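J.: Here's a structure for you.
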Amino acid sequence: MTYIIAEPCIGVKDRGCVDVCPVDCIYEGEDQLYIHPDECIDCGACEPECPVTAIFAEEDTPDQFKAYIEKNKKFFEEGAERQVAKGRAG
């Protein structure tokens, strides 16, 4: 099981999820945050911290956000170096 970040994060990027992630697997994208599928330990700590309900376990992703499963995967497949997101403080 991998967690993904969906559409409600776009333009928000609250970063509460980054503050609680024990393995720093959340990365900064231009429009939203992304969870690295190979680094996530599936602890679920991030999910309740999201104020816009944008984080879902992959298999629990609502139908209207299913395309974000692939968007999250592709973000890391492009081969570009990615920046781990900083938390709210910084």
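Simple scheme: letters A, B, ... for chains in structure tokens order, numbers from 1 for residues in each chain, numbers from 1 for ligands in the order shown.
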May I have the residues within 12 Å of Thr61 of chain A as a PDB file with N, CA and C atoms, in the first residue's frame, using only C-alpha atoms and disregarding those fewer than 2 positions away in the same chain?
T.:
```
ATOM      1  N   MET A   1       0.853  -1.178   0.000  1.00  0.00           N
ATOM      2  CA  MET A   1       0.000   0.000   0.000  1.00  0.00           C
ATOM      3  C   MET A   1       0.894   1.234   0.000  1.00  0.00           C
ATOM      4  N   THR A   2       0.580   2.168  -0.839  1.00  0.00           N
ATOM      5  CA  THR A   2       1.277   3.440  -0.888  1.00  0.00           C
ATOM      6  C   THR A   2       0.256   4.553  -0.736  1.00  0.00           C
ATOM      7  N   TYR A   3       0.653   5.620  -0.105  1.00  0.00           N
ATOM      8  CA  TYR A   3      -0.215   6.791   0.009  1.00  0.00           C
ATOM      9  C   TYR A   3       0.070   7.729  -1.155  1.00  0.00           C
ATOM     10  N   ILE A   4      -0.969   8.437  -1.584  1.00  0.00           N
ATOM     11  CA  ILE A   4      -0.826   9.414  -2.664  1.00  0.00           C
ATOM     12  C   ILE A   4      -1.459  10.731  -2.219  1.00  0.00           C
ATOM     13  N   ILE A   5      -1.057  11.801  -2.880  1.00  0.00           N
ATOM     14  CA  ILE A   5      -1.632  13.118  -2.623  1.00  0.00           C
ATOM     15  C   ILE A   5      -2.404  13.524  -3.871  1.00  0.00           C
ATOM     16  N   ALA A   6      -3.652  13.940  -3.662  1.00  0.00           N
ATOM     17  CA  ALA A   6      -4.556  14.219  -4.787  1.00  0.00           C
ATOM     18  C   ALA A   6      -4.869  15.710  -4.937  1.00  0.00           C
ATOM     19  N   GLU A   7      -5.802  15.996  -5.810  1.00  0.00           N
ATOM     20  CA  GLU A   7      -6.163  17.349  -6.245  1.00  0.00           C
ATOM     21  C   GLU A   7      -6.360  18.378  -5.131  1.00  0.00           C
ATOM     22  N   GLU A  47      -1.906  11.168   6.650  1.00  0.00           N
ATOM     23  CA  GLU A  47      -3.305  11.269   6.215  1.00  0.00           C
ATOM     24  C   GLU A  47      -4.172  12.165   7.107  1.00  0.00           C
ATOM     25  N   THR A  53      -7.935  17.108   3.129  1.00  0.00           N
ATOM     26  CA  THR A  53      -8.224  15.711   2.816  1.00  0.00           C
ATOM     27  C   THR A  53      -7.749  15.340   1.411  1.00  0.00           C
ATOM     28  N   ALA A  54      -6.451  15.517   1.192  1.00  0.00           N
ATOM     29  CA  ALA A  54      -5.864  15.220  -0.118  1.00  0.00           C
ATOM     30  C   ALA A  54      -5.051  13.936  -0.113  1.00  0.00           C
ATOM     31  N   ILE A  55      -4.839  13.321   1.044  1.00  0.00           N
ATOM     32  CA  ILE A  55      -3.980  12.139   1.141  1.00  0.00           C
ATOM     33  C   ILE A  55      -4.834  10.895   1.335  1.00  0.00           C
ATOM     34  N   PHE A  56      -4.539   9.888   0.493  1.00  0.00           N
ATOM     35  CA  PHE A  56      -5.295   8.643   0.530  1.00  0.00           C
ATOM     36  C   PHE A  56      -4.360   7.455   0.375  1.00  0.00           C
ATOM     37  N   ALA A  57      -4.715   6.340   1.019  1.00  0.00           N
ATOM     38  CA  ALA A  57      -4.051   5.085   0.683  1.00  0.00           C
ATOM     39  C   ALA A  57      -4.446   4.800  -0.762  1.00  0.00           C
ATOM     40  N   GLU A  58      -3.499   4.325  -1.542  1.00  0.00           N
ATOM     41  CA  GLU A  58      -3.749   4.136  -2.980  1.00  0.00           C
ATOM     42  C   GLU A  58      -5.052   3.383  -3.242  1.00  0.00           C
ATOM     43  N   GLU A  59      -5.281   2.296  -2.529  1.00  0.00           N
ATOM     44  CA  GLU A  59      -6.488   1.498  -2.780  1.00  0.00           C
ATOM     45  C   GLU A  59      -7.759   2.161  -2.271  1.00  0.00           C
ATOM     46  N   ASP A  63     -12.821   7.661  -6.597  1.00  0.00           N
ATOM     47  CA  ASP A  63     -12.823   7.590  -8.064  1.00  0.00           C
ATOM     48  C   ASP A  63     -12.431   8.902  -8.729  1.00  0.00           C
ATOM     49  N   GLN A  64     -12.923  10.023  -8.198  1.00  0.00           N
ATOM     50  CA  GLN A  64     -12.642  11.304  -8.843  1.00  0.00           C
ATOM     51  C   GLN A  64     -11.162  11.700  -8.764  1.00  0.00           C
ATOM     52  N   PHE A  65     -10.370  10.999  -7.916  1.00  0.00           N
ATOM     53  CA  PHE A  65      -8.947  11.312  -7.771  1.00  0.00           C
ATOM     54  C   PHE A  65      -8.037  10.175  -8.246  1.00  0.00           C
ATOM     55  N   LYS A  66      -8.574   9.157  -8.873  1.00  0.00           N
ATOM     56  CA  LYS A  66      -7.774   7.996  -9.316  1.00  0.00           C
ATOM     57  C   LYS A  66      -6.624   8.400 -10.233  1.00  0.00           C
ATOM     58  N   ALA A  67      -6.793   9.430 -11.054  1.00  0.00           N
ATOM     59  CA  ALA A  67      -5.726   9.862 -11.966  1.00  0.00           C
ATOM     60  C   ALA A  67      -4.492  10.342 -11.207  1.00  0.00           C
ATOM     61  N   TYR A  68      -4.664  10.720  -9.951  1.00  0.00           N
ATOM     62  CA  TYR A  68      -3.542  11.204  -9.153  1.00  0.00           C
ATOM     63  C   TYR A  68      -2.627  10.074  -8.694  1.00  0.00           C
ATOM     64  N   ILE A  69      -3.081   8.851  -8.745  1.00  0.00           N
ATOM     65  CA  ILE A  69      -2.209   7.707  -8.459  1.00  0.00           C
ATOM     66  C   ILE A  69      -1.095   7.692  -9.499  1.00  0.00           C
ATOM     67  N   GLU A  70      -1.466   7.802 -10.760  1.00  0.00           N
ATOM     68  CA  GLU A  70      -0.485   7.810 -11.847  1.00  0.00           C
ATOM     69  C   GLU A  70       0.347   9.091 -11.833  1.00  0.00           C
TER      70      GLU A  70
END
```
J.: Run DSSP on the backbone and grab whatever in segment 23-88 of chain A lands in alpha helix (DSSP H); send it over as a PyMOL selection string.
T.: chain A and resi 67-77
J.: With N, CA and C atoms retained, write the just-selected residues as a PDB file, in the first residue's frame.
T.:
```pdb
ATOM      1  N   ALA A  67      -6.793   9.430 -11.054  1.00  0.00           N
ATOM      2  CA  ALA A  67      -5.726   9.862 -11.966  1.00  0.00           C
ATOM      3  C   ALA A  67      -4.492  10.342 -11.207  1.00  0.00           C
ATOM      4  N   TYR A  68      -4.664  10.720  -9.951  1.00  0.00           N
ATOM      5  CA  TYR A  68      -3.542  11.204  -9.153  1.00  0.00           C
ATOM      6  C   TYR A  68      -2.627  10.074  -8.694  1.00  0.00           C
ATOM      7  N   ILE A  69      -3.081   8.851  -8.745  1.00  0.00           N
ATOM      8  CA  ILE A  69      -2.209   7.707  -8.459  1.00  0.00           C
ATOM      9  C   ILE A  69      -1.095   7.692  -9.499  1.00  0.00           C
ATOM     10  N   GLU A  70      -1.466   7.802 -10.760  1.00  0.00           N
ATOM     11  CA  GLU A  70      -0.485   7.810 -11.847  1.00  0.00           C
ATOM     12  C   GLU A  70       0.347   9.091 -11.833  1.00  0.00           C
ATOM     13  N   LYS A  71      -0.280  10.220 -11.523  1.00  0.00           N
ATOM     14  CA  LYS A  71       0.448  11.487 -11.471  1.00  0.00           C
ATOM     15  C   LYS A  71       1.560  11.413 -10.425  1.00  0.00           C
ATOM     16  N   ASN A  72       1.263  10.832  -9.257  1.00  0.00           N
ATOM     17  CA  ASN A  72       2.277  10.685  -8.208  1.00  0.00           C
ATOM     18  C   ASN A  72       3.421   9.794  -8.670  1.00  0.00           C
ATOM     19  N   LYS A  73       3.101   8.685  -9.313  1.00  0.00           N
ATOM     20  CA  LYS A  73       4.143   7.769  -9.799  1.00  0.00           C
ATOM     21  C   LYS A  73       5.016   8.443 -10.854  1.00  0.00           C
ATOM     22  N   LYS A  74       4.387   9.116 -11.801  1.00  0.00           N
ATOM     23  CA  LYS A  74       5.125   9.761 -12.898  1.00  0.00           C
ATOM     24  C   LYS A  74       6.050  10.862 -12.395  1.00  0.00           C
ATOM     25  N   PHE A  75       5.647  11.540 -11.342  1.00  0.00           N
ATOM     26  CA  PHE A  75       6.475  12.600 -10.784  1.00  0.00           C
ATOM     27  C   PHE A  75       7.870  12.078 -10.439  1.00  0.00           C
ATOM     28  N   PHE A  76       7.943  10.847  -9.972  1.00  0.00           N
ATOM     29  CA  PHE A  76       9.229  10.268  -9.579  1.00  0.00           C
ATOM     30  C   PHE A  76       9.901   9.480 -10.697  1.00  0.00           C
ATOM     31  N   GLU A  77       9.190   9.160 -11.759  1.00  0.00           N
ATOM     32  CA  GLU A  77       9.753   8.397 -12.864  1.00  0.00           C
ATOM     33  C   GLU A  77      10.465   9.274 -13.885  1.00  0.00           C
TER      34      GLU A  77
END
```
J.: Excluding Val18 of chain A and residues on its chain fewer than 3 positions from it, collect all residues at most 8 Å away from it, counting only C-alpha atoms, and give them as a PDB file with N, CA and C atoms, in the first residue's frame.
T.:
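Contents of selection_30.pdb, as written:
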```pdb
ATOM      1  N   ARG A  15       1.634  21.391   4.263  1.00  0.00           N
ATOM      2  CA  ARG A  15       2.864  20.838   4.826  1.00  0.00           C
ATOM      3  C   ARG A  15       2.725  20.216   6.216  1.00  0.00           C
ATOM      4  N   CYS A  21       5.811  13.182   8.912  1.00  0.00           N
ATOM      5  CA  CYS A  21       6.374  12.043   8.180  1.00  0.00           C
ATOM      6  C   CYS A  21       7.697  11.612   8.816  1.00  0.00           C
ATOM      7  N   ASP A  24      10.683  11.306   5.783  1.00  0.00           N
ATOM      8  CA  ASP A  24      10.919  12.365   4.797  1.00  0.00           C
ATOM      9  C   ASP A  24      10.698  11.902   3.360  1.00  0.00           C
ATOM     10  N   ILE A  26       8.029  12.936   1.479  1.00  0.00           N
ATOM     11  CA  ILE A  26       7.127  13.869   0.803  1.00  0.00           C
ATOM     12  C   ILE A  26       7.970  14.936   0.116  1.00  0.00           C
ATOM     13  N   CYS A  46       0.589  10.821   7.862  1.00  0.00           N
ATOM     14  CA  CYS A  46       0.308  12.017   7.067  1.00  0.00           C
ATOM     15  C   CYS A  46      -1.182  12.241   6.814  1.00  0.00           C
ATOM     16  N   ALA A  85      10.310  18.043   0.642  1.00  0.00           N
ATOM     17  CA  ALA A  85       9.579  19.210   1.102  1.00  0.00           C
ATOM     18  C   ALA A  85       9.978  19.585   2.522  1.00  0.00           C
ATOM     19  N   LYS A  86       9.949  20.873   2.798  1.00  0.00           N
ATOM     20  CA  LYS A  86      10.218  21.373   4.141  1.00  0.00           C
ATOM     21  C   LYS A  86       8.886  21.508   4.861  1.00  0.00           C
ATOM     22  N   GLY A  87       8.910  21.347   6.172  1.00  0.00           N
ATOM     23  CA  GLY A  87       7.699  21.451   6.964  1.00  0.00           C
ATOM     24  C   GLY A  87       7.225  22.894   7.099  1.00  0.00           C
ATOM     25  N   ARG A  88       6.184  23.072   7.887  1.00  0.00           N
ATOM     26  CA  ARG A  88       5.588  24.394   8.067  1.00  0.00           C
ATOM     27  C   ARG A  88       6.592  25.411   8.612  1.00  0.00           C
TER      28      ARG A  88
END
```
J.: Smallest atom-to-atom distance to Val12 of chain A: which of A:Gly29, A:Pro62, A:Gly44, A:Gly79, using only C-alpha atoms?
T.: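 So, comparing all the options, the nearest one is A:Gly29.
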J.: Under the rule that only C-alpha atoms are counted, which of A:Asp60, A:Asp31, A:Glu39, A:Glu49 is the nearest residue to Cys17 of chain A?
T.: A:Glu49
J.: Which of these, A:Asp38, A:Gln32, A:Glu78, A:Cys43, has the shortest distance to Asp14 of chain A once you count only C-alpha atoms?
T.: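 Under the stated criterion, the closest residue is A:Gln32.
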J.: Could you tell me how far atom CA of Cys9 of chain A lies from atom CA of Tyr34 of chain A, in Å and to one decimal?
T.: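 Between atom CA of Cys9 of chain A and atom CA of Tyr34 of chain A the gap works out to 9.4 Å.
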J.: So, counting only C-alpha atoms, which residue among A:Pro8, A:Ala45, A:Arg82, A:Pro51 is closest to Val23 of chain A?
T.: A:Ala45
J.: Please identify the strand (DSSP E or B) residues within segment 18-88 of chain A (assignment by DSSP from backbone atoms) and present them as a PyMOL selection string.
T.: chain A and resi 26-28+33-35+55-57+84
J.: Find the distance between atom CA of Cys25 of chain A and atom CA of Ile10 of chain A and write it in Å to one decimal.
T.: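 Taking atom CA of Cys25 of chain A and atom CA of Ile10 of chain A, their separation equals 18.0 Å.
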